[in-house]
Amino acid sequence: MQPALEAALAELVLGPKLDPRDAGQVRAWLERHQIPAGDQQAILDTELERLLVYRELVQSTLKGALLRAIPRSMARLGSVFDEYFARFLNERGPKTHYLRDVAGELLDYMSERVGSDARVPDYWLDLARHEALHIEIAATPVRAQRAPAAALDLESGLGFSESVRLMRYAFAVHTLDDDPASRSEPSRTKTDILAYRDREHDVRYLELTPFATAILQRLLAGNSLKYSLIAAADELQVSLDDATLSATAALLADLAERGVVTVPIAATRDSSDHDPDRATLAAEVTPPHPPSTKHD
Amino acid sequence: MSKRARLPNGVGLGLRWEFLEEVVDGPALDVAFFEVSPENYMRRGGYFPTMLERVAERYPLVTHGLTLSIGAVEEPSADYLAELRAELARLLVPHHSDHLCFSSAGERFMHDLLPLKFAEANVARVANRARRVEDALGVPFALENISYYGHLGRREMPEAEFIARVIDQSQVGLLLDVNNVYVNCLNHGGDAREFLRQMPLDRVVEIHVAGHATNARGLTIDTHGSAVAEPVFELLEWTLERTGPLPVLLERDNDVPALAELVGEVGRLTALYARATQCFEERHAASA
């Protein structure tokens with residue numbers, strides 16, 4: 001009994017919209033779920049219109065969660081977004097206890113589908129991923145047991161904060177205006193962003209140079225510092241001269257000071273501030289991503 | 001935070017992020033306790049869990065879940081229960097509650113409180129599961145009566161009987177939401193006091209009140225988006241006169257006003273609470 005009723009209500013709530021005045025459609029819905037005759041009659045007599053309220057309530061709650069996570073991306077797609085949202089609910093649906101994770105599930109679903117849809121701008125997924133990153137990083141669970149910080153060693157990897165994400169975009173979506181009404185388009189510029197949660201729980205974004213990205217993606221994958229440096233230099237045909245090594249050391253020291261890297265690294269220059277000149281391989285992304293927005 | 005204590009009687013308030021910082025950093029409030037939805041803090045690091053720990057240093061806390069989905073066909077996820085248990089232990093809450101409903105279908109979560117059929121089979125199934133959930137969580141567990149807007153098929157028994165039998169068979173607590181009783185009587189007919197008379201009032205561990213609103217189709221919806229309505233105040237008083245002192249919670253989840261306004265509403269509820277529980281004491285003294 002409960003399995004049939006549960007599935008029927010789930011379809012009513014998440015599936016294609018049912019017209020309660022269309023007797024054939026209603027009957028087909030009940031039959032599809034093999035609802036017992038007595039229950040069918042009660043639903044037809046008095047309950048159907050009332051049960052449809054749940055469709056509004058559920059979809060409004062889910063939409064609200066998405067609006068908190070990806071408001072600009074939703075606004076830019078308008079009705080096309082609504083179409084994908086409906087398909088997501090119908091074909092997959094949220095599979096998480098946590099409303100804050102629904103945006104990520106929807107974007108996973110959409111990423112497999114929007115590529116061939118001319119109505120969706122090329123930059124859209126980058127923008128949506130970038131927007132959704134804020135809540136993801138703000139909420140990243142703290143590791144139960146963090147490995148004790150070891151001294152910096154060329155032959156070892158580095159420990160990173162659990163909140164760190166290295167995002168690689170094809171468009172400079174981080175430069176777009178925060179206003180959901182804005183329709184300005186980002187330049188098609190390969191952009192690498194390191195995002196993390198700082199010690200004050202604010203989400204921060206660093207724009208990386210290609211060399212910084214090449215090193216950090218290897219370090220984040222668990223490779224040793226020595227390997228990461230050599231492989232990054234090899235990939236980008238960068239000479240590992242004093243200037244490069246000094247800039248790398250400054251970058252890592254800066255990341256350690258920010259809490260991104262959990263290994264203590266002595267700063268190479270005498271400053272306690274996040275001076276943008278200090279780590280020339282990474283630059284703080286200033287608004288439109290104010291670090292004080294903690295709410296999700 | 002030191003050890004798990006009983007939730008104090010009196011009137012508490014649902015903790016909302018809109019006024020979290022005021023609760024942590026502001027002057028002490030005349031609020032008996034705060035209630036939180038653990039799903040907003042579980043599997044999460046950063047600002048909010050940190051702030052919640054600071055709230056717990058100042059006020060008693062209790063948890064009220066949203067996604068257990070106790071009535072679903074699928075068993076609650078063992079991972080979810082383990083994480084919930086850890087969260088309850090972290091917060092040292094005296095009890096945990098969730099809703100007598102289902103909110104998932106298979107792997108899909110609908111993030112709303114969907115009504116169970118008032119059926120014989122559901123009584124036994126949900127009662128069994130409630131006992132297992134209580135064991136899994138390691139704290140006393142309570143189920144809340146929900147607002148429901150439509151019934152899934154033919155009723156095999158009235159709502160009040162369904163709730164009373166689940167509570168009786170499971171022996172878990174009842175979180176009695178007086179606003180939900182009122183809303184259901186508006187939507188489905190019936191007398192709210194008569195409904196309350198059929199509730200196992202001796203098993204009530206906490207009472208909820210909230211605001212409601214009527215939608216375009218004339219259905220009354222448990223919105224938690226406005227002040228408590230006068231008839232609900234009256235029902236609460238009637239109930240407390242019969243249960244005696246219990247924790248009472250003011251819920252406000254939408255259109256959340258300034259904290260001062262909510263504390264004012266808590267104050268009004270506290271005055272009602274004092275009147276009603278005094279009446280309860282006098283009745284008991286007279287009958288002793």
# chains A, B, ... in the order shown; residues from 1 in each chain; ligands from 1
>>> interface_residues(of="chain B", to="chain A", cutoff="7 Å", atoms="only C-alpha atoms", output="MDAnalysis selection string")
chainID B and resid 39 43:47 67 73 105 107:112 149:154
>>> write_last_selection(atoms="N, CA and C atoms", output="CSV table (one decimal), in the first residue's frame")
chain,number,residue,atom,x,y,z
B,39,GLU,N,19.7,19.1,10.4
B,39,GLU,CA,20.1,19.0,9.0
B,39,GLU,C,20.9,20.3,8.6
B,43,ARG,N,27.0,17.4,8.9
B,43,ARG,CA,27.9,17.3,7.7
B,43,ARG,C,28.3,18.7,7.2
B,44,ARG,N,28.7,19.5,8.1
B,44,ARG,CA,29.0,20.9,7.7
B,44,ARG,C,30.0,21.4,8.7
B,45,GLY,N,30.9,22.2,8.1
B,45,GLY,CA,31.9,23.0,8.9
B,45,GLY,C,31.6,24.4,8.8
B,46,GLY,N,32.5,25.2,9.3
B,46,GLY,CA,32.4,26.7,9.0
B,46,GLY,C,31.6,27.4,10.1
B,47,TYR,N,31.0,28.5,9.6
B,47,TYR,CA,30.5,29.5,10.5
B,47,TYR,C,29.3,29.0,11.3
B,67,THR,N,14.1,15.6,7.9
B,67,THR,CA,14.2,14.6,6.7
B,67,THR,C,14.4,13.2,7.2
B,73,VAL,N,8.8,4.0,2.7
B,73,VAL,CA,9.0,2.6,2.6
B,73,VAL,C,10.4,2.3,2.9
B,105,ALA,N,10.8,9.3,-1.3
B,105,ALA,CA,10.2,8.2,-2.1
B,105,ALA,C,11.4,7.5,-2.7
B,107,GLU,N,14.9,6.9,-3.4
B,107,GLU,CA,16.1,7.7,-3.2
B,107,GLU,C,15.8,9.2,-3.2
B,108,ARG,N,14.6,9.5,-3.6
B,108,ARG,CA,14.3,11.0,-3.8
B,108,ARG,C,13.8,11.6,-2.6
B,109,PHE,N,14.4,12.8,-2.3
B,109,PHE,CA,13.9,13.5,-1.1
B,109,PHE,C,13.1,14.7,-1.6
B,110,MET,N,11.9,14.9,-1.0
B,110,MET,CA,11.1,15.9,-1.5
B,110,MET,C,11.1,17.2,-0.6
B,111,HIS,N,11.8,17.0,0.6
B,111,HIS,CA,12.0,18.2,1.5
B,111,HIS,C,10.7,18.9,1.8
B,112,ASP,N,9.7,18.0,2.1
B,112,ASP,CA,8.4,18.5,2.7
B,112,ASP,C,7.8,17.4,3.5
B,149,TYR,N,-2.7,18.4,4.0
B,149,TYR,CA,-3.6,19.1,3.2
B,149,TYR,C,-4.5,18.2,2.3
B,150,GLY,N,-4.1,17.0,2.2
B,150,GLY,CA,-4.9,16.0,1.5
B,150,GLY,C,-4.5,14.6,2.0
B,151,HIS,N,-5.4,13.7,1.9
B,151,HIS,CA,-5.2,12.4,2.5
B,151,HIS,C,-4.9,11.4,1.3
B,152,LEU,N,-4.0,10.5,1.5
B,152,LEU,CA,-3.6,9.6,0.4
B,152,LEU,C,-4.5,8.4,0.4
B,153,GLY,N,-5.7,8.6,-0.1
B,153,GLY,CA,-6.6,7.5,-0.2
B,153,GLY,C,-7.7,7.4,0.9
B,154,ARG,N,-8.2,6.2,1.1
B,154,ARG,CA,-9.3,6.0,2.0
B,154,ARG,C,-8.8,5.9,3.5
>>> select_by_dssp(residues="segment 80-255 of chain B", states="strand (DSSP E)", output="PyMOL selection string")
chain B and resi 96-99+102-105+108-114+141-144+173-177+204-209+213-214+220-221+247-250
>>> atom_distance(atom1="atom CA of Ala132 of chain A", atom2="atom CA of Glu105 of chain A")
10.6 Å
>>> closest_residue(among="B:Leu113, B:Ile207, B:Leu100, B:Ala82", to="Ile163 of chain B", atoms="only C-alpha atoms")
B:Leu100
>>> residues_around(residues="Val172 of chain B", least_positions_apart="6", cutoff="12 Å", atoms="only C-alpha atoms", output="PyMOL selection string")
chain B and resi 95-98+100+126-135+139-144+163-166+200+202-205
>>> write_last_selection(atoms="N, CA and C atoms", output="PDB file, in the first residue's frame")
ATOM      1  N   HIS B  95      16.380  15.507  23.982  1.00  0.00           N
ATOM      2  CA  HIS B  95      15.594  14.614  23.130  1.00  0.00           C
ATOM      3  C   HIS B  95      15.646  15.122  21.698  1.00  0.00           C
ATOM      4  N   HIS B  96      15.204  14.275  20.806  1.00  0.00           N
ATOM      5  CA  HIS B  96      15.163  14.666  19.400  1.00  0.00           C
ATOM      6  C   HIS B  96      13.785  14.322  18.860  1.00  0.00           C
ATOM      7  N   SER B  97      13.303  15.152  17.944  1.00  0.00           N
ATOM      8  CA  SER B  97      11.991  14.866  17.352  1.00  0.00           C
ATOM      9  C   SER B  97      12.060  14.988  15.842  1.00  0.00           C
ATOM     10  N   ASP B  98      11.110  14.366  15.191  1.00  0.00           N
ATOM     11  CA  ASP B  98      10.902  14.550  13.756  1.00  0.00           C
ATOM     12  C   ASP B  98       9.401  14.368  13.517  1.00  0.00           C
ATOM     13  N   LEU B 100       5.733  12.838  11.935  1.00  0.00           N
ATOM     14  CA  LEU B 100       4.999  11.617  11.607  1.00  0.00           C
ATOM     15  C   LEU B 100       4.492  11.766  10.172  1.00  0.00           C
ATOM     16  N   VAL B 126       5.305   2.146  11.311  1.00  0.00           N
ATOM     17  CA  VAL B 126       5.962   3.370  11.788  1.00  0.00           C
ATOM     18  C   VAL B 126       6.329   3.234  13.268  1.00  0.00           C
ATOM     19  N   ALA B 127       5.465   2.583  14.035  1.00  0.00           N
ATOM     20  CA  ALA B 127       5.766   2.432  15.470  1.00  0.00           C
ATOM     21  C   ALA B 127       7.037   1.602  15.663  1.00  0.00           C
ATOM     22  N   ASN B 128       7.152   0.531  14.916  1.00  0.00           N
ATOM     23  CA  ASN B 128       8.362  -0.300  14.983  1.00  0.00           C
ATOM     24  C   ASN B 128       9.600   0.513  14.638  1.00  0.00           C
ATOM     25  N   ARG B 129       9.444   1.255  13.567  1.00  0.00           N
ATOM     26  CA  ARG B 129      10.602   2.023  13.107  1.00  0.00           C
ATOM     27  C   ARG B 129      10.966   3.113  14.123  1.00  0.00           C
ATOM     28  N   ALA B 130       9.977   3.725  14.725  1.00  0.00           N
ATOM     29  CA  ALA B 130      10.247   4.790  15.711  1.00  0.00           C
ATOM     30  C   ALA B 130      11.059   4.241  16.880  1.00  0.00           C
ATOM     31  N   ARG B 131      10.722   3.039  17.279  1.00  0.00           N
ATOM     32  CA  ARG B 131      11.501   2.424  18.378  1.00  0.00           C
ATOM     33  C   ARG B 131      12.952   2.212  17.944  1.00  0.00           C
ATOM     34  N   ARG B 132      13.118   1.732  16.723  1.00  0.00           N
ATOM     35  CA  ARG B 132      14.485   1.484  16.230  1.00  0.00           C
ATOM     36  C   ARG B 132      15.268   2.798  16.090  1.00  0.00           C
ATOM     37  N   VAL B 133      14.562   3.832  15.647  1.00  0.00           N
ATOM     38  CA  VAL B 133      15.225   5.140  15.505  1.00  0.00           C
ATOM     39  C   VAL B 133      15.685   5.641  16.871  1.00  0.00           C
ATOM     40  N   GLU B 134      14.826   5.479  17.859  1.00  0.00           N
ATOM     41  CA  GLU B 134      15.199   5.928  19.208  1.00  0.00           C
ATOM     42  C   GLU B 134      16.461   5.204  19.677  1.00  0.00           C
ATOM     43  N   ASP B 135      16.509   3.899  19.428  1.00  0.00           N
ATOM     44  CA  ASP B 135      17.705   3.135  19.797  1.00  0.00           C
ATOM     45  C   ASP B 135      18.931   3.643  19.043  1.00  0.00           C
ATOM     46  N   VAL B 139      19.006   8.901  22.219  1.00  0.00           N
ATOM     47  CA  VAL B 139      18.296   9.873  23.063  1.00  0.00           C
ATOM     48  C   VAL B 139      16.800   9.611  22.918  1.00  0.00           C
ATOM     49  N   PRO B 140      16.000  10.058  23.888  1.00  0.00           N
ATOM     50  CA  PRO B 140      14.554   9.914  23.720  1.00  0.00           C
ATOM     51  C   PRO B 140      14.092  10.581  22.416  1.00  0.00           C
ATOM     52  N   PHE B 141      13.158   9.934  21.763  1.00  0.00           N
ATOM     53  CA  PHE B 141      12.710  10.389  20.448  1.00  0.00           C
ATOM     54  C   PHE B 141      11.222  10.713  20.515  1.00  0.00           C
ATOM     55  N   ALA B 142      10.803  11.709  19.769  1.00  0.00           N
ATOM     56  CA  ALA B 142       9.381  12.078  19.742  1.00  0.00           C
ATOM     57  C   ALA B 142       8.942  12.324  18.307  1.00  0.00           C
ATOM     58  N   LEU B 143       7.673  12.052  18.042  1.00  0.00           N
ATOM     59  CA  LEU B 143       7.096  12.299  16.718  1.00  0.00           C
ATOM     60  C   LEU B 143       6.088  13.437  16.803  1.00  0.00           C
ATOM     61  N   GLU B 144       6.107  14.277  15.784  1.00  0.00           N
ATOM     62  CA  GLU B 144       5.184  15.419  15.744  1.00  0.00           C
ATOM     63  C   GLU B 144       4.036  15.144  14.790  1.00  0.00           C
ATOM     64  N   ILE B 163      -2.533   8.869  15.140  1.00  0.00           N
ATOM     65  CA  ILE B 163      -1.414   9.425  15.926  1.00  0.00           C
ATOM     66  C   ILE B 163      -1.320   8.723  17.274  1.00  0.00           C
ATOM     67  N   ALA B 164      -2.463   8.622  17.947  1.00  0.00           N
ATOM     68  CA  ALA B 164      -2.467   8.041  19.302  1.00  0.00           C
ATOM     69  C   ALA B 164      -1.958   6.601  19.271  1.00  0.00           C
ATOM     70  N   ARG B 165      -2.331   5.865  18.240  1.00  0.00           N
ATOM     71  CA  ARG B 165      -1.904   4.458  18.192  1.00  0.00           C
ATOM     72  C   ARG B 165      -0.423   4.323  17.855  1.00  0.00           C
ATOM     73  N   VAL B 166       0.083   5.183  16.984  1.00  0.00           N
ATOM     74  CA  VAL B 166       1.526   5.135  16.693  1.00  0.00           C
ATOM     75  C   VAL B 166       2.305   5.444  17.964  1.00  0.00           C
ATOM     76  N   PRO B 200      -2.742  11.364  23.363  1.00  0.00           N
ATOM     77  CA  PRO B 200      -2.171  10.849  24.616  1.00  0.00           C
ATOM     78  C   PRO B 200      -1.353  11.954  25.296  1.00  0.00           C
ATOM     79  N   ASP B 202      -0.413  12.450  28.151  1.00  0.00           N
ATOM     80  CA  ASP B 202       0.638  12.046  29.098  1.00  0.00           C
ATOM     81  C   ASP B 202       1.955  11.719  28.387  1.00  0.00           C
ATOM     82  N   ARG B 203       1.924  11.603  27.071  1.00  0.00           N
ATOM     83  CA  ARG B 203       3.155  11.286  26.351  1.00  0.00           C
ATOM     84  C   ARG B 203       3.740  12.517  25.632  1.00  0.00           C
ATOM     85  N   VAL B 204       3.128  13.667  25.858  1.00  0.00           N
ATOM     86  CA  VAL B 204       3.634  14.877  25.205  1.00  0.00           C
ATOM     87  C   VAL B 204       4.935  15.317  25.885  1.00  0.00           C
ATOM     88  N   VAL B 205       5.964  15.518  25.080  1.00  0.00           N
ATOM     89  CA  VAL B 205       7.257  15.956  25.628  1.00  0.00           C
ATOM     90  C   VAL B 205       7.554  17.405  25.266  1.00  0.00           C
TER      91      VAL B 205
END
>>> decode(residues="segment 114-127 of chain A", atoms="all heavy atoms", output="PDB file, in the first residue's frame")
ATOM      1  N   VAL A 114      23.323  20.303 -21.044  1.00  0.00           N
ATOM      2  CA  VAL A 114      23.191  21.629 -21.639  1.00  0.00           C
ATOM      3  C   VAL A 114      24.190  21.890 -22.769  1.00  0.00           C
ATOM      4  O   VAL A 114      24.013  22.840 -23.532  1.00  0.00           O
ATOM      5  CB  VAL A 114      23.320  22.758 -20.583  1.00  0.00           C
ATOM      6  CG1 VAL A 114      22.202  22.672 -19.573  1.00  0.00           C
ATOM      7  CG2 VAL A 114      24.679  22.705 -19.905  1.00  0.00           C
ATOM      8  N   GLY A 115      25.210  21.042 -22.876  1.00  0.00           N
ATOM      9  CA  GLY A 115      26.247  21.274 -23.883  1.00  0.00           C
ATOM     10  C   GLY A 115      25.698  21.382 -25.291  1.00  0.00           C
ATOM     11  O   GLY A 115      26.195  22.164 -26.105  1.00  0.00           O
ATOM     12  N   SER A 116      24.671  20.625 -25.578  1.00  0.00           N
ATOM     13  CA  SER A 116      24.131  20.622 -26.942  1.00  0.00           C
ATOM     14  C   SER A 116      22.911  21.540 -27.075  1.00  0.00           C
ATOM     15  O   SER A 116      22.239  21.521 -28.101  1.00  0.00           O
ATOM     16  CB  SER A 116      23.737  19.192 -27.316  1.00  0.00           C
ATOM     17  OG  SER A 116      22.819  18.694 -26.354  1.00  0.00           O
ATOM     18  N   ASP A 117      22.640  22.322 -26.061  1.00  0.00           N
ATOM     19  CA  ASP A 117      21.460  23.190 -26.093  1.00  0.00           C
ATOM     20  C   ASP A 117      21.901  24.613 -26.433  1.00  0.00           C
ATOM     21  O   ASP A 117      22.534  25.290 -25.609  1.00  0.00           O
ATOM     22  CB  ASP A 117      20.761  23.149 -24.715  1.00  0.00           C
ATOM     23  CG  ASP A 117      19.418  23.858 -24.730  1.00  0.00           C
ATOM     24  OD1 ASP A 117      19.202  24.715 -25.619  1.00  0.00           O
ATOM     25  OD2 ASP A 117      18.590  23.564 -23.852  1.00  0.00           O
ATOM     26  N   ALA A 118      21.538  25.057 -27.617  1.00  0.00           N
ATOM     27  CA  ALA A 118      21.980  26.376 -28.088  1.00  0.00           C
ATOM     28  C   ALA A 118      21.385  27.499 -27.254  1.00  0.00           C
ATOM     29  O   ALA A 118      21.878  28.637 -27.285  1.00  0.00           O
ATOM     30  CB  ALA A 118      21.589  26.550 -29.550  1.00  0.00           C
ATOM     31  N   ARG A 119      20.341  27.222 -26.518  1.00  0.00           N
ATOM     32  CA  ARG A 119      19.710  28.279 -25.702  1.00  0.00           C
ATOM     33  C   ARG A 119      20.546  28.595 -24.462  1.00  0.00           C
ATOM     34  O   ARG A 119      20.317  29.589 -23.785  1.00  0.00           O
ATOM     35  CB  ARG A 119      18.302  27.855 -25.279  1.00  0.00           C
ATOM     36  CG  ARG A 119      17.351  27.593 -26.449  1.00  0.00           C
ATOM     37  CD  ARG A 119      16.085  26.947 -25.950  1.00  0.00           C
ATOM     38  NE  ARG A 119      16.363  25.685 -25.239  1.00  0.00           N
ATOM     39  CZ  ARG A 119      15.468  25.023 -24.512  1.00  0.00           C
ATOM     40  NH1 ARG A 119      14.248  25.496 -24.391  1.00  0.00           N
ATOM     41  NH2 ARG A 119      15.806  23.899 -23.912  1.00  0.00           N
ATOM     42  N   VAL A 120      21.457  27.689 -24.128  1.00  0.00           N
ATOM     43  CA  VAL A 120      22.263  27.869 -22.916  1.00  0.00           C
ATOM     44  C   VAL A 120      23.626  28.438 -23.307  1.00  0.00           C
ATOM     45  O   VAL A 120      24.367  27.806 -24.060  1.00  0.00           O
ATOM     46  CB  VAL A 120      22.436  26.524 -22.181  1.00  0.00           C
ATOM     47  CG1 VAL A 120      23.289  26.699 -20.927  1.00  0.00           C
ATOM     48  CG2 VAL A 120      21.076  25.925 -21.830  1.00  0.00           C
ATOM     49  N   PRO A 121      23.959  29.632 -22.807  1.00  0.00           N
ATOM     50  CA  PRO A 121      25.248  30.228 -23.194  1.00  0.00           C
ATOM     51  C   PRO A 121      26.414  29.318 -22.814  1.00  0.00           C
ATOM     52  O   PRO A 121      26.349  28.598 -21.810  1.00  0.00           O
ATOM     53  CB  PRO A 121      25.294  31.519 -22.362  1.00  0.00           C
ATOM     54  CG  PRO A 121      23.899  31.802 -21.951  1.00  0.00           C
ATOM     55  CD  PRO A 121      23.193  30.484 -21.887  1.00  0.00           C
ATOM     56  N   ASP A 122      27.487  29.415 -23.604  1.00  0.00           N
ATOM     57  CA  ASP A 122      28.654  28.558 -23.371  1.00  0.00           C
ATOM     58  C   ASP A 122      29.224  28.721 -21.962  1.00  0.00           C
ATOM     59  O   ASP A 122      29.778  27.802 -21.397  1.00  0.00           O
ATOM     60  CB  ASP A 122      29.771  28.910 -24.373  1.00  0.00           C
ATOM     61  CG  ASP A 122      29.399  28.465 -25.783  1.00  0.00           C
ATOM     62  OD1 ASP A 122      28.439  27.678 -25.903  1.00  0.00           O
ATOM     63  OD2 ASP A 122      30.054  28.917 -26.730  1.00  0.00           O
ATOM     64  N   TYR A 123      29.117  29.947 -21.455  1.00  0.00           N
ATOM     65  CA  TYR A 123      29.737  30.224 -20.152  1.00  0.00           C
ATOM     66  C   TYR A 123      28.852  29.798 -18.987  1.00  0.00           C
ATOM     67  O   TYR A 123      29.277  29.850 -17.833  1.00  0.00           O
ATOM     68  CB  TYR A 123      30.026  31.732 -20.036  1.00  0.00           C
ATOM     69  CG  TYR A 123      28.776  32.589 -19.972  1.00  0.00           C
ATOM     70  CD1 TYR A 123      28.085  32.769 -18.779  1.00  0.00           C
ATOM     71  CD2 TYR A 123      28.267  33.209 -21.108  1.00  0.00           C
ATOM     72  CE1 TYR A 123      26.930  33.544 -18.722  1.00  0.00           C
ATOM     73  CE2 TYR A 123      27.118  33.969 -21.069  1.00  0.00           C
ATOM     74  CZ  TYR A 123      26.452  34.135 -19.869  1.00  0.00           C
ATOM     75  OH  TYR A 123      25.312  34.864 -19.812  1.00  0.00           O
ATOM     76  N   TRP A 124      27.607  29.380 -19.270  1.00  0.00           N
ATOM     77  CA  TRP A 124      26.621  29.250 -18.197  1.00  0.00           C
ATOM     78  C   TRP A 124      27.042  28.257 -17.106  1.00  0.00           C
ATOM     79  O   TRP A 124      26.921  28.546 -15.914  1.00  0.00           O
ATOM     80  CB  TRP A 124      25.252  28.839 -18.776  1.00  0.00           C
ATOM     81  CG  TRP A 124      24.184  28.912 -17.710  1.00  0.00           C
ATOM     82  CD1 TRP A 124      23.471  30.017 -17.354  1.00  0.00           C
ATOM     83  CD2 TRP A 124      23.761  27.858 -16.839  1.00  0.00           C
ATOM     84  NE1 TRP A 124      22.630  29.715 -16.313  1.00  0.00           N
ATOM     85  CE2 TRP A 124      22.778  28.411 -15.977  1.00  0.00           C
ATOM     86  CE3 TRP A 124      24.096  26.523 -16.701  1.00  0.00           C
ATOM     87  CZ2 TRP A 124      22.133  27.652 -14.991  1.00  0.00           C
ATOM     88  CZ3 TRP A 124      23.464  25.772 -15.705  1.00  0.00           C
ATOM     89  CH2 TRP A 124      22.490  26.335 -14.869  1.00  0.00           C
ATOM     90  N   LEU A 125      27.544  27.117 -17.520  1.00  0.00           N
ATOM     91  CA  LEU A 125      27.914  26.118 -16.493  1.00  0.00           C
ATOM     92  C   LEU A 125      29.060  26.608 -15.620  1.00  0.00           C
ATOM     93  O   LEU A 125      29.081  26.360 -14.415  1.00  0.00           O
ATOM     94  CB  LEU A 125      28.299  24.798 -17.158  1.00  0.00           C
ATOM     95  CG  LEU A 125      27.205  23.739 -17.196  1.00  0.00           C
ATOM     96  CD1 LEU A 125      27.730  22.479 -17.893  1.00  0.00           C
ATOM     97  CD2 LEU A 125      26.686  23.371 -15.808  1.00  0.00           C
ATOM     98  N   ASP A 126      30.000  27.322 -16.228  1.00  0.00           N
ATOM     99  CA  ASP A 126      31.088  27.888 -15.435  1.00  0.00           C
ATOM    100  C   ASP A 126      30.520  28.849 -14.389  1.00  0.00           C
ATOM    101  O   ASP A 126      30.913  28.822 -13.214  1.00  0.00           O
ATOM    102  CB  ASP A 126      32.078  28.655 -16.331  1.00  0.00           C
ATOM    103  CG  ASP A 126      33.100  27.734 -16.997  1.00  0.00           C
ATOM    104  OD1 ASP A 126      33.075  26.518 -16.715  1.00  0.00           O
ATOM    105  OD2 ASP A 126      33.906  28.243 -17.801  1.00  0.00           O
ATOM    106  N   LEU A 127      29.601  29.699 -14.811  1.00  0.00           N
ATOM    107  CA  LEU A 127      29.018  30.664 -13.888  1.00  0.00           C
ATOM    108  C   LEU A 127      28.254  29.943 -12.770  1.00  0.00           C
ATOM    109  O   LEU A 127      28.394  30.274 -11.588  1.00  0.00           O
ATOM    110  CB  LEU A 127      28.065  31.618 -14.638  1.00  0.00           C
ATOM    111  CG  LEU A 127      27.273  32.565 -13.746  1.00  0.00           C
ATOM    112  CD1 LEU A 127      28.188  33.487 -12.943  1.00  0.00           C
ATOM    113  CD2 LEU A 127      26.274  33.394 -14.563  1.00  0.00           C
TER     114      LEU A 127
END
